[in-house]
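Student: The structure that follows is given in the form of structure tokens.
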Amino acid sequence: MTTTARDQLLSADGVTVRFGGLTALDDVGLRVAPGSVVGLIGPNGAGKTTLFNVLSGVLRPTSGTISWKGGPPPGRSPHHLARAGISRTFQGLNLFPMMTVLENVVAGADRTARGGPVSLVTGLGRHHRDERELRARAEATLRRFGIAEFAARLPGTLPYGIQKQVALARACVADPELLLLDEPASGLSGQQIDDLARQIRGFSEHMAVVLVEHHMDLVMRVCDHIVVLNFGRVISTGTPEEVQADPAVTEAYLGTPAEDTATVPRGGGSAVSDPSHSDGGTR
Ligand SMILES: Nc1ncnc2c1ncn2[C@@H]1O[C@H](COP(=O)(O)OP(=O)(O)OP(=O)(O)O)[C@@H](O)[C@H]1O
């Protein structure tokens with residue numbers, strides 16, 4: 001069966017981004033189907049962050065189009081994206097340091113708030129019932145993420161792994177249809193990455209997920225579809241197995257033709273490693 005942009009949640013077609021004389025993305029296409037997990041990988045400087053920024057509306061491409069459910073993308077502000085059903089996490093977590101864990105997650109629930117984002121910050125113009133609903137929703141989300149006991153704590157007083165869960169809870173509290181994850185495994189231990197893999201597969205029962213990630217083991221375990229970038233171009237796409245078997249991918253990562261890299265392990269969860277991240281990608 002042929003799929004069209006209309007069958008997709010998110011589509012990118014012919015996306016090119018130039019920064020002055022540098023072409024960071026060159027004619028890139030991508031499809032994200034409902035409920036799928038799509039990974040963006042590639043060596044350093046390949047264009048992953050630039051594509052992520054285009055998909056999340058932060059960056060307007062020099063040319064090319066982004067479609068959301070077959071139509072134009074929602075506005076570029078985080079609030080427009082949230083209301084459309086798109087949510088994201090940040091590499092640097094971006095939690096509000098002076099707000100408690102619960103308040104951080106309430107702030108992520110503004111898609112359902114009638115008072116809008118200004119009232120979330122100021123408290124003005126919001127109905128008490130809205131406030132109660134938001135708080136109840138945030139508390140339920142904290143329980144779902146196993147972090148309810150930290151509700152009253154400031155994020156900076158918590159271990160990094162818990163802070164990451166707070167950031168995920170904030171991104172998921174409004175039940176988005178598309179969750180964009182920017183290096184979700186960075187800074188996590190092996191056990192935490194195992195837990196994260198299960199969590200991401202669980203997310204895909206309710207929403208589509210796009211992740212930029214250097215941790216190849218995680219990418220190969222959780223993704224239905226992978227897009228490999230190098231020097232701003234898509235050099236391979238397919239299932240984890242297809243991408244791992246593609247000599248162009250091995251060559252891009254190792255900088256040598258595939259026939260010279262016969263010892264690179266295949267078939268396991270981490271067949272394609274990123275030599276630029278000697279810690280296995282958990283930078
Ligand atoms: N704002 C910018 N101005 C100029 N050049 C930029 C800008 N942002 C990115 N670039 C360049 O665009 C190219 C792609 O960068 P990008 O950060 O998207 O790659 P990446 O795959 O995310 O890399 P990494 O894995 O190191 O984070 C790089 O050559 C980078 O130097």
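In the structure tokens, chains take letters A, B, ... by order of appearance, with residues numbered from 1 within each chain and ligands from 1 in the order shown.
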Set the distance at 9 Å and use only C-alpha atoms: which residues neighbour segment 163-169 of chain A once local chain neighbours fewer than 5 positions away are removed? I'd like the list as a list in words.
Tutor: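 So, after excluding close chain neighbours, the residues are Arg88, Thr89, Phe90, Leu93, Asn94, Leu95, Val101, Leu102, Asn104, Val105, Gly108, Ala138, Thr141, Leu142, Arg144, Phe145, Gly146, Ile147, Pro155, Gly156, Leu158, Leu181, Pro184 and Leu188 of chain A.
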Student: Could you list, as a ChimeraX atom specification, all the residues within 8 Å of ligand 1, counting only C-alpha atoms and all ligand atoms?
Tutor: /A:18-20,22-25,41-52,214,229-232
Student: With N, CA and C atoms retained, write the just-selected residues as a PDB file, in the first residue's frame.
Tutor:
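Everything below was put into out.pdb:
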```pdb
ATOM      1  N   ARG A  18      20.583  26.317   4.936  1.00  0.00           N
ATOM      2  CA  ARG A  18      21.919  26.892   4.735  1.00  0.00           C
ATOM      3  C   ARG A  18      22.206  27.896   5.834  1.00  0.00           C
ATOM      4  N   PHE A  19      23.407  27.796   6.390  1.00  0.00           N
ATOM      5  CA  PHE A  19      23.895  28.822   7.319  1.00  0.00           C
ATOM      6  C   PHE A  19      24.996  29.552   6.574  1.00  0.00           C
ATOM      7  N   GLY A  20      24.695  30.701   5.999  1.00  0.00           N
ATOM      8  CA  GLY A  20      25.684  31.381   5.158  1.00  0.00           C
ATOM      9  C   GLY A  20      26.075  30.449   4.023  1.00  0.00           C
ATOM     10  N   LEU A  22      27.371  27.489   4.359  1.00  0.00           N
ATOM     11  CA  LEU A  22      27.385  26.075   4.749  1.00  0.00           C
ATOM     12  C   LEU A  22      25.995  25.449   4.587  1.00  0.00           C
ATOM     13  N   THR A  23      25.943  24.343   3.872  1.00  0.00           N
ATOM     14  CA  THR A  23      24.667  23.639   3.716  1.00  0.00           C
ATOM     15  C   THR A  23      24.578  22.564   4.795  1.00  0.00           C
ATOM     16  N   ALA A  24      23.772  22.838   5.819  1.00  0.00           N
ATOM     17  CA  ALA A  24      23.654  21.900   6.947  1.00  0.00           C
ATOM     18  C   ALA A  24      22.709  20.765   6.627  1.00  0.00           C
ATOM     19  N   LEU A  25      21.671  21.035   5.806  1.00  0.00           N
ATOM     20  CA  LEU A  25      20.753  19.989   5.341  1.00  0.00           C
ATOM     21  C   LEU A  25      20.522  20.199   3.860  1.00  0.00           C
ATOM     22  N   ILE A  41      20.085   9.507  13.083  1.00  0.00           N
ATOM     23  CA  ILE A  41      21.465   9.277  13.506  1.00  0.00           C
ATOM     24  C   ILE A  41      22.422   9.805  12.445  1.00  0.00           C
ATOM     25  N   GLY A  42      23.684   9.825  12.792  1.00  0.00           N
ATOM     26  CA  GLY A  42      24.711  10.293  11.870  1.00  0.00           C
ATOM     27  C   GLY A  42      25.903  10.785  12.658  1.00  0.00           C
ATOM     28  N   PRO A  43      27.067  10.832  12.029  1.00  0.00           N
ATOM     29  CA  PRO A  43      28.269  11.305  12.727  1.00  0.00           C
ATOM     30  C   PRO A  43      28.132  12.769  13.160  1.00  0.00           C
ATOM     31  N   ASN A  44      29.070  13.227  13.947  1.00  0.00           N
ATOM     32  CA  ASN A  44      29.065  14.632  14.385  1.00  0.00           C
ATOM     33  C   ASN A  44      28.991  15.577  13.189  1.00  0.00           C
ATOM     34  N   GLY A  45      28.148  16.583  13.307  1.00  0.00           N
ATOM     35  CA  GLY A  45      28.042  17.581  12.256  1.00  0.00           C
ATOM     36  C   GLY A  45      27.207  17.134  11.063  1.00  0.00           C
ATOM     37  N   ALA A  46      26.536  15.974  11.185  1.00  0.00           N
ATOM     38  CA  ALA A  46      25.779  15.424  10.052  1.00  0.00           C
ATOM     39  C   ALA A  46      24.522  16.227   9.737  1.00  0.00           C
ATOM     40  N   GLY A  47      24.010  16.950  10.733  1.00  0.00           N
ATOM     41  CA  GLY A  47      22.800  17.742  10.507  1.00  0.00           C
ATOM     42  C   GLY A  47      21.614  17.295  11.356  1.00  0.00           C
ATOM     43  N   LYS A  48      21.842  16.411  12.307  1.00  0.00           N
ATOM     44  CA  LYS A  48      20.741  15.859  13.117  1.00  0.00           C
ATOM     45  C   LYS A  48      20.023  16.960  13.909  1.00  0.00           C
ATOM     46  N   THR A  49      20.816  17.772  14.610  1.00  0.00           N
ATOM     47  CA  THR A  49      20.205  18.820  15.439  1.00  0.00           C
ATOM     48  C   THR A  49      19.470  19.824  14.564  1.00  0.00           C
ATOM     49  N   THR A  50      20.070  20.134  13.422  1.00  0.00           N
ATOM     50  CA  THR A  50      19.422  21.088  12.511  1.00  0.00           C
ATOM     51  C   THR A  50      18.071  20.530  12.054  1.00  0.00           C
ATOM     52  N   LEU A  51      18.028  19.246  11.698  1.00  0.00           N
ATOM     53  CA  LEU A  51      16.755  18.645  11.269  1.00  0.00           C
ATOM     54  C   LEU A  51      15.762  18.621  12.429  1.00  0.00           C
ATOM     55  N   PHE A  52      16.241  18.274  13.609  1.00  0.00           N
ATOM     56  CA  PHE A  52      15.381  18.251  14.793  1.00  0.00           C
ATOM     57  C   PHE A  52      14.781  19.638  15.030  1.00  0.00           C
ATOM     58  N   HIS A 214      22.877   9.572  20.032  1.00  0.00           N
ATOM     59  CA  HIS A 214      24.188   9.004  19.710  1.00  0.00           C
ATOM     60  C   HIS A 214      24.329   7.584  20.241  1.00  0.00           C
ATOM     61  N   LEU A 229      21.923  10.464   8.521  1.00  0.00           N
ATOM     62  CA  LEU A 229      22.417  11.663   7.836  1.00  0.00           C
ATOM     63  C   LEU A 229      23.938  11.659   7.815  1.00  0.00           C
ATOM     64  N   ASN A 230      24.501  12.211   6.776  1.00  0.00           N
ATOM     65  CA  ASN A 230      25.932  12.501   6.757  1.00  0.00           C
ATOM     66  C   ASN A 230      26.138  13.720   5.873  1.00  0.00           C
ATOM     67  N   PHE A 231      26.882  14.686   6.361  1.00  0.00           N
ATOM     68  CA  PHE A 231      27.102  15.940   5.627  1.00  0.00           C
ATOM     69  C   PHE A 231      25.785  16.519   5.101  1.00  0.00           C
ATOM     70  N   GLY A 232      24.738  16.443   5.927  1.00  0.00           N
ATOM     71  CA  GLY A 232      23.474  17.082   5.588  1.00  0.00           C
ATOM     72  C   GLY A 232      22.584  16.328   4.620  1.00  0.00           C
TER      73      GLY A 232
END
```
Student: Once DSSP has gone over the backbone, tell me which residues of segment 89-212 of chain A are in helix (DSSP H, G or I), as a ChimeraX atom specification.
Tutor: /A:101-112,116-122,128-144,148-150,155-157,160-172,190-203
Student: Just want the 9 Å neighbourhood of Ile235 of chain A, counted on only C-alpha atoms, with same-chain residues fewer than 4 positions away dropped. Output as a list in words.
Tutor: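 So, after excluding close chain neighbours, the residues are Val227, Val228, Leu229, Asn230, Ala248, Val249 and Ala252 of chain A.
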Student: Save out the residues we just selected, N, CA and C atoms, as a tab-separated table (two decimals), in the first residue's frame.
Tutor:
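Written output follows (again.tsv):
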```tsv
chain	number	residue	atom	x	y	z
A	227	VAL	N	16.69	7.12	10.08
A	227	VAL	CA	17.18	7.97	9.00
A	227	VAL	C	18.63	8.32	9.34
A	228	VAL	N	19.54	7.99	8.43
A	228	VAL	CA	20.96	8.26	8.67
A	228	VAL	C	21.39	9.46	7.84
A	229	LEU	N	21.92	10.46	8.52
A	229	LEU	CA	22.42	11.66	7.84
A	229	LEU	C	23.94	11.66	7.82
A	230	ASN	N	24.50	12.21	6.78
A	230	ASN	CA	25.93	12.50	6.76
A	230	ASN	C	26.14	13.72	5.87
A	248	ALA	N	27.10	1.96	3.35
A	248	ALA	CA	27.25	3.43	3.36
A	248	ALA	C	27.25	3.96	4.80
A	249	VAL	N	26.52	3.27	5.68
A	249	VAL	CA	26.43	3.72	7.07
A	249	VAL	C	27.75	3.41	7.79
A	252	ALA	N	30.27	5.88	6.66
A	252	ALA	CA	30.09	7.23	7.20
A	252	ALA	C	30.60	7.32	8.63
```
Student: Mind checking DSSP for segment 81-210 of chain A and telling me the strand (DSSP E or B) residues as a list in words?
Tutor: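 Of segment 81-210 of chain A, the ones in strand (DSSP E or B) are Ile86, Ser87, Arg88, Leu178, Leu179, Leu180, Leu181, Asp182, Ala208, Val209 and Val210 of chain A.
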Student: Nearest to Glu139 of chain A: which of A:Ala84, A:Ala245, A:Ala109, A:Val17 is it, counting only C-alpha atoms?
Tutor: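 The answer is A:Ala109, which sits nearest to Glu139 of chain A.
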Student: With only C-alpha atoms as the basis for distance, which of A:Asp246, A:Asp194, A:Asp175, A:Glu241 is at the shortest distance from Arg83 of chain A?
Tutor: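 With only C-alpha atoms as the atom set, the closest residue is A:Asp175.
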Student: What does the distance between atom CA of His215 of chain A and atom CA of Val15 of chain A come to in Å, to one decimal place?
Tutor: 25.2 Å
Student: May I have the residues within 9 Å of Pro78 of chain A as a list in words, using only C-alpha atoms and disregarding those fewer than 3 positions away in the same chain?
Tutor: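 Residues near the query, excluding close chain neighbours: Ser56, Gly57, Val58, Gly75, Leu81, Ala82, Arg83, Ile86, Ser87 and Arg88 of chain A.
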Student: Any chance you could export the current selection's C-alpha atoms as a PDB file, in the first residue's frame?
Tutor:
```pdb
ATOM      1  CA  SER A  56      10.218  21.075  16.152  1.00  0.00           C
ATOM      2  CA  GLY A  57       9.522  24.410  14.474  1.00  0.00           C
ATOM      3  CA  VAL A  58      12.491  26.211  16.032  1.00  0.00           C
ATOM      4  CA  GLY A  75       2.927  27.940  14.465  1.00  0.00           C
ATOM      5  CA  LEU A  81       3.196  23.169  18.929  1.00  0.00           C
ATOM      6  CA  ALA A  82       1.848  21.927  22.245  1.00  0.00           C
ATOM      7  CA  ARG A  83      -1.711  22.747  21.286  1.00  0.00           C
ATOM      8  CA  ILE A  86       3.687  18.118  19.456  1.00  0.00           C
ATOM      9  CA  SER A  87       5.977  18.046  22.447  1.00  0.00           C
ATOM     10  CA  ARG A  88       9.745  17.940  22.848  1.00  0.00           C
TER      11      ARG A  88
END
```
Student: Mind running segment 186-248 of chain A against segment 28-35 of chain A at 8 Å and telling me each contacting residue's nearest atom pair with the distance in Å (one decimal), counting only C-alpha atoms, chain and number ascending, as CSV?
Tutor:
```
residue,atom,partner,partner_atom,distance
A:Ser204,CA,A:Gly35,CA,4.9
A:Glu205,CA,A:Gly35,CA,6.1
A:His206,CA,A:Gly35,CA,6.4
A:Met207,CA,A:Gly35,CA,4.9
A:Ala208,CA,A:Gly35,CA,4.1
A:Val209,CA,A:Gly35,CA,7.3
A:Val210,CA,A:Val32,CA,7.8
A:Val227,CA,A:Leu30,CA,7.6
A:Gly232,CA,A:Val28,CA,7.8
A:Arg233,CA,A:Val28,CA,6.2
A:Val234,CA,A:Val28,CA,6.2
```
Student: Store the residues picked out above in a file with C-alpha atoms, as a JSON list (two decimals), in the first residue's frame.
Tutor:
```
[["chain", "number", "residue", "atom", "x", "y", "z"],
["A", 204, "SER", "CA", 4.72, 4.44, 21.02],
["A", 205, "GLU", "CA", 1.46, 2.78, 22.06],
["A", 206, "HIS", "CA", 0.00, 6.28, 22.41],
["A", 207, "MET", "CA", 2.17, 8.59, 20.32],
["A", 208, "ALA", "CA", 4.82, 8.77, 17.64],
["A", 209, "VAL", "CA", 8.38, 9.43, 18.73],
["A", 210, "VAL", "CA", 11.32, 11.01, 16.88],
["A", 227, "VAL", "CA", 17.18, 7.97, 9.00],
["A", 232, "GLY", "CA", 23.47, 17.08, 5.59],
["A", 233, "ARG", "CA", 22.20, 14.38, 3.24],
["A", 234, "VAL", "CA", 20.18, 11.25, 3.92]]
```
Student: Could you state the separation of atom CA of Trp68 of chain A and atom CA of Pro176 of chain A in Å, given to one decimal place?
Tutor: 13.2 Å
Student: Just the residues within 12 Å of Pro72 of chain A, please, counting only C-alpha atoms, with nothing from its chain fewer than 2 positions along; format it as number ranges by chain.
Tutor: A: 5-6, 9-12, 57, 65-70, 74-76, 84
Student: Take the selection from the previous step and output its residues with C-alpha atoms, as an mmCIF file, in the first residue's frame.
Tutor:
```cif
data_model
loop_
_atom_site.group_PDB
_atom_site.id
_atom_site.type_symbol
_atom_site.label_atom_id
_atom_site.label_comp_id
_atom_site.auth_asym_id
_atom_site.auth_seq_id
_atom_site.Cartn_x
_atom_site.Cartn_y
_atom_site.Cartn_z
ATOM 1 C CA ALA A 5 1.814 12.674 3.344
ATOM 2 C CA ARG A 6 -1.824 12.535 4.507
ATOM 3 C CA LEU A 9 1.669 12.669 11.293
ATOM 4 C CA LEU A 10 4.750 14.592 10.251
ATOM 5 C CA SER A 11 6.454 14.849 6.870
ATOM 6 C CA ALA A 12 9.519 16.710 5.685
ATOM 7 C CA GLY A 57 9.522 24.410 14.474
ATOM 8 C CA THR A 65 8.234 21.875 3.377
ATOM 9 C CA ILE A 66 7.117 20.439 6.678
ATOM 10 C CA SER A 67 3.597 19.002 6.919
ATOM 11 C CA TRP A 68 1.655 18.141 10.025
ATOM 12 C CA LYS A 69 -1.171 15.653 9.365
ATOM 13 C CA GLY A 70 -1.034 16.512 5.685
ATOM 14 C CA PRO A 74 1.417 24.599 13.441
ATOM 15 C CA GLY A 75 2.927 27.940 14.465
ATOM 16 C CA ARG A 76 6.526 28.095 15.595
ATOM 17 C CA ALA A 84 -1.272 20.927 17.988
#
```
Student: Which residue out of A:Glu177, A:Asp217, A:Asp7, A:Asp26 has the minimum interatomic distance to Pro61 of chain A when only C-alpha atoms are used?
Tutor: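 For Pro61 of chain A, the nearest of the candidates is A:Asp26.
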Student: Could you check how far atom CA of Thr100 of chain A sits from atom CA of Ala152 of chain A, in Å to one decimal?
Tutor: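 Computed distance, atom CA of Thr100 of chain A to atom CA of Ala152 of chain A, equals 5.4 Å.
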Student: Determine the nearest neighbour of Thr239 of chain A from the options A:Gly39, A:Val106, A:Gly21, A:Gly255, counting only C-alpha atoms.
Tutor: A:Gly39
